[in-house]
Every structure is written in structure tokens, then in C-alpha cells.
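Visitor: Before I ask anything, let me first share the structure, which is written out below as C-alpha cells.
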Amino acid sequence: MPPGITTLAADTPTLSAANTGFMLICSALVMLMTPALAFFYGGMVRVKSTLNMLMMSFISLGIVTVLWVLYGFSLAFGTDAGSVIGWSQDFVGLSGIGVTELWDGYTIPVYVFAVFQLMFAVLTPALISGALADRVKFTSWALFIVLWVTVVYFPVAHWVWGAGGWLFELGVIDFAGGTAVHINAGAAALGVILVIGKRIGFKKDPMRPHSLPLVMLGAGLLWFGWFGFNAGSWLGNDDGVGAVMFVNTQVATGAAMLAWLAYEKIRHGAFTTLGAASGAVAGLVAITPAGGAVSPLGAIAVGAIAGVLCAMAVGLKYKFGYDDSLDVVGVHLVGGVIGSLLIGFFATGGVQSDAKGLFYGGGLDQLGKQAVGVFAVLAYSLVVSALLAFVVDKILGMRVDEDAEISGIDQVEHAETAYDFSGVGGGAASRTAAPAPGPAAPTNKKVDA
């Protein structure tokens, strides 16, 4: 994602209604990804945790939005300070920004850039929640989001995309969030689960998805929203780069889904809907950093490699004993690493920049830069996220008690259940007093026990 750049006065851009409208649509698509993620995760958990899983994503829309306006945009995209953080007083509260003031070097208003980036900031902590299913107090999760976006996401976004950020200045390519979003969230998920421990019954009790149709719906909406996530990250539509990214997003996702299913068939003997949905998400994750640097053929390679390696990676939790409930580490961390590093092999030098990968005569230079970006973000997010989880655990306690986890976190934390199995039904009528029962109607039908 290109940060602001400095232009000569003669080249000062003017506001483009077309690009502004395009970016507002892309912002709305990225916003859709958070409730889509909620459906994706919500279908993958057991019935008793469905609402909690939905709420762990949904609450990010409220918390991060407010923090972004208050200080998050300033920290991530304000004037650089030491290549590690930003700060601009005009961005605090979004109070010093003119209505038609343009983002430096682009043809869209600062407000449009700010709201587009806001949706990335909202989605990223929501991704973490999938690793913590079934066992985290909702208040503790909310506090963790506040601390995490402040101490981890906002600084890392500045490193990667902010003018002056040290990874941006190094030349690390991350078109739309392989490091800042997916590696960041995946490493954070690993750090937190190492602190809070395993679910009761992990590796003993069946913990199958309760609604695969919800999973597929969520995956489909994520795929749809991801076009805004990726194609919009060029911040305009004047030179064709966003169009290439759009095509590569579709191509890599399809390739990854097929690769995951092929691996699954060979390894487990079946093509599953969960595998199709997971493979698609793995492809979306992997192409996110790479799609502006590779050709469509390169996108097929990126997607196929990610599909197979992520499918293999989801089993690592059983081997190493960490309880990543919904495979955030296996898909988002591993997929982000794969997509970011493969830029060093498949970058053509003919799309978003002239940087070339090893297979296009660029040597190992870009691969080295990508590796620095990958492991810097991974290490920082892993360590700091674990420390933040430890602090929250000491303040509020991160986990619900054992009885609550066994009986169901939805009822304990939200006083609701996802489905009404009583046969009474829902809607407005359920909120009023039931009418007095009348005499039973005669029937000749046999009633089964």
C-alpha cells in the first residue's frame, strides 16, 4: 500500500471524483470483511460459542473506530518520528483536516484515505479472535483490543506503509497487508494462546464446526470484500496496477482452493467444504502482499504453494500442542509469511515497482528485504502480544472459569444463545407475554415419543 509521497508544485494532483468514489466503495467492501469473518469463524465453532465468536469480531468495529479517530490515524500515518511511529496533531480527532484536503501525492481526500485504513485496523484484531475461541472473557478481549492496536498495530502499520517507516524505507513490498495485517495478527494469536492455554478437552473431545453453511457464507463474503482490500490499496485506478491486483486476487484464491482440496483428498481421502473455504482464505492471505508485484501466472504459483503449505500447517498445533482454535496461525501467519517471501522469487519488476525477484533476474536482494520485514513484524507482534495478554490476565483474568467454558460461553458472557431449540420461535412476539392456554384441540394423530 503506497504511503504519501512528496510531489513538485507543478505536479500537484487535483481531487478525482472517480478515484474518490472508487475508494469509498473499497472502504465499504473492507468493512464488510469484519462481519464476514464473524460468520466464517462463527460457523467453525461449536453451538455454545457461536455468539461469542460473532461478538469478538463485531466489537472491533466499535473499539477500533473510536481509537482510530482519537489517535490511531495519527500514530500510523502522521509525520514520522524515528522511523518507528507517526504523529500529526491535525490527525488527532481528525479535527485539523480540510474537507477537500488531499492525501499527499494522491487524488483522494485525506478523509477517504483515513476511513479506508480504518477498515484495515478494524479487521486485524478481529482475525486474532479465531485462535481464542471458547475460552476468553469478553471484557478481557475488549481491553486486549484497545492495548493491542495501540501498541502493536498502529506502530507496525507505520513501519510498513507510513512515509518514513523503517520497513517502507528499506524497500519491503507489502501491497495490502501480508506483514501489517496477516503476519501481525497470526503472530499475535500465537503469543496470546501460549499465555492463556488450551481449551478444556483439546485433542480429546470432538470440536467440529457446527455450521458449515455459515463457514461457506463467511468465506464467500470475505472473498468478495477482499477485492476492495487488495485492489483499493493502490489508492486509485489511473494506471492499471489496481486492476492487476484485482485479477491476481481472483487467480491466487482459486489456485489455493484447488491446491488445498487436492492435498486434502490425497492426505485424508475427501474434498471438504471446510477445506474449500480454508483454501480460499489461504490464497487471499498469500496474494495480499504479493499481488502488485507478480504476474497472473505468478499468482497461480503463490496461491498453489500457499494452499498446500497452509493445509499442512494447520496440523502443527496437534504436533506442538498449542491450541489455535480456528487455525489463525496455520492460515494467516503461515499464509502471510509465504506470500511475503515469494515476492522475492516471483516479482516481475513490471507492475507496482521495478523490484525484481530471483526468478526474474533480481538476485536475492528483494528476498532479503522481504525476510527482514517478515521476521521483524513476526517477532515484535509475538512477544508484545504475549506480554499484553499476560498483563490483561493479571488485571481481569483472560479466561472464563471451567464451568462456564464447559456449559457454554454464549450464555455466560452474553446471556443469549445462537439458536432457539425450544420450538417457541423468536421475533417480537417472544418479547410479549404469552396468551393463556386454551383447551387442547382434539386430534386423532398418533404422537411419537
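By order in the C-alpha cells, chains are A, B, ...; within a chain, residues start at 1; ligands start at 1, following the order shown.
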Could you name the residues that touch Asp403 in chain A at 12 Å or less, counting only C-alpha atoms, but leaving out those on the same chain fewer than 3 positions away, as a PyMOL selection string?

Guide: chain A and resi 134-135+200+399-400+406-409+411-412

Visitor: Please return as number ranges by chain: the residues of range 182-377 of chain A that backbone DSSP assigns to alpha helix (DSSP H).

Guide: A: 184-196, 212-231, 241-268, 273-290, 296-313, 316-320, 328, 334-346, 365-377

Visitor: Any chance you could tabulate, as JSON lines, the residues of range 306-374 of chain A at most 8 Å from range 173-183 of chain A with each one's nearest atom pair and distance in Å to one decimal, using only C-alpha atoms, in chain and rising number order?

Guide:
{"residue": "A:His332", "atom": "CA", "partner": "A:His182", "partner_atom": "CA", "distance": 5.1}
{"residue": "A:Leu333", "atom": "CA", "partner": "A:Ile183", "partner_atom": "CA", "distance": 4.5}
{"residue": "A:Val334", "atom": "CA", "partner": "A:Ile183", "partner_atom": "CA", "distance": 7.5}
{"residue": "A:Gly335", "atom": "CA", "partner": "A:His182", "partner_atom": "CA", "distance": 7.8}
{"residue": "A:Gly336", "atom": "CA", "partner": "A:Gly178", "partner_atom": "CA", "distance": 4.7}
{"residue": "A:Val337", "atom": "CA", "partner": "A:Ile183", "partner_atom": "CA", "distance": 6.5}
{"residue": "A:Gly339", "atom": "CA", "partner": "A:Gly178", "partner_atom": "CA", "distance": 6.9}
{"residue": "A:Ser340", "atom": "CA", "partner": "A:Gly178", "partner_atom": "CA", "distance": 6.1}
{"residue": "A:Ile343", "atom": "CA", "partner": "A:Ile173", "partner_atom": "CA", "distance": 7.8}
{"residue": "A:Gln370", "atom": "CA", "partner": "A:Ile173", "partner_atom": "CA", "distance": 6.9}
{"residue": "A:Gly373", "atom": "CA", "partner": "A:Thr179", "partner_atom": "CA", "distance": 7.1}
{"residue": "A:Val374", "atom": "CA", "partner": "A:Thr179", "partner_atom": "CA", "distance": 6.1}

Visitor: For CA of Gly349 in chain A and CA of Met23 in chain A, determine how far apart the two atoms are, in Å to one decimal place.

Guide: 25.4 Å

Visitor: With a distance cut-off of 10 Å and only C-alpha atoms, select the neighbouring residues of range 81-86 of chain A, excluding the residue or stretch itself and same-chain residues fewer than 5 positions from it, and output the selection as a short mmCIF file (atom, residue, chain, number, x, y, z; two decimals) with N, CA and C atoms, in the first residue's frame.

Guide:
data_model
loop_
_atom_site.label_atom_id
_atom_site.label_comp_id
_atom_site.auth_asym_id
_atom_site.auth_seq_id
_atom_site.Cartn_x
_atom_site.Cartn_y
_atom_site.Cartn_z
N GLY A 72 -5.31 6.85 16.57
CA GLY A 72 -4.72 5.78 15.77
C GLY A 72 -4.23 6.23 14.42
N PHE A 73 -5.02 7.04 13.71
CA PHE A 73 -4.60 7.51 12.40
C PHE A 73 -3.34 8.35 12.50
N SER A 74 -3.25 9.14 13.55
CA SER A 74 -2.06 9.97 13.75
C SER A 74 -0.82 9.12 14.01
N LEU A 75 -0.96 8.08 14.84
CA LEU A 75 0.19 7.21 15.14
C LEU A 75 0.64 6.42 13.91
N ALA A 76 -0.31 5.98 13.10
CA ALA A 76 0.04 5.14 11.96
C ALA A 76 0.52 5.94 10.76
N PHE A 154 -0.88 -0.04 15.30
CA PHE A 154 -0.60 1.31 14.80
C PHE A 154 0.88 1.51 14.49
N PRO A 155 1.80 1.10 15.38
CA PRO A 155 3.23 1.22 15.02
C PRO A 155 3.63 0.38 13.81
N VAL A 156 3.16 -0.86 13.74
CA VAL A 156 3.56 -1.72 12.62
C VAL A 156 3.02 -1.17 11.30
N ALA A 157 1.81 -0.65 11.31
CA ALA A 157 1.28 -0.03 10.09
C ALA A 157 2.18 1.12 9.65
N HIS A 158 2.70 1.87 10.59
CA HIS A 158 3.61 2.96 10.23
C HIS A 158 4.93 2.41 9.67
N TRP A 159 5.47 1.36 10.28
CA TRP A 159 6.70 0.77 9.75
C TRP A 159 6.56 0.39 8.29
N VAL A 160 5.42 -0.22 7.97
CA VAL A 160 5.24 -0.84 6.65
C VAL A 160 4.76 0.15 5.60
N GLY A 162 3.78 3.80 6.38
CA GLY A 162 3.91 5.22 6.65
C GLY A 162 5.14 5.82 6.01
N ALA A 163 5.02 7.04 5.51
CA ALA A 163 6.18 7.73 4.94
C ALA A 163 7.24 7.89 6.03
N GLY A 164 8.42 7.31 5.81
CA GLY A 164 9.48 7.33 6.81
C GLY A 164 9.56 6.09 7.64
N GLY A 165 8.55 5.23 7.59
CA GLY A 165 8.59 3.98 8.34
C GLY A 165 9.78 3.13 7.91
N TRP A 166 10.42 2.47 8.85
CA TRP A 166 11.72 1.85 8.54
C TRP A 166 11.62 0.69 7.56
N LEU A 167 10.54 -0.09 7.59
CA LEU A 167 10.40 -1.16 6.61
C LEU A 167 10.04 -0.62 5.23
N PHE A 168 9.25 0.45 5.20
CA PHE A 168 8.96 1.08 3.91
C PHE A 168 10.24 1.64 3.29
N GLU A 169 11.04 2.32 4.10
CA GLU A 169 12.28 2.90 3.59
C GLU A 169 13.28 1.83 3.17
#

Visitor: Closest to Asn248 in chain A among A:Leu29, A:Ile59, A:Leu123, A:Ile300, using only C-alpha atoms?

Guide: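 Closest candidate: A:Ile300.
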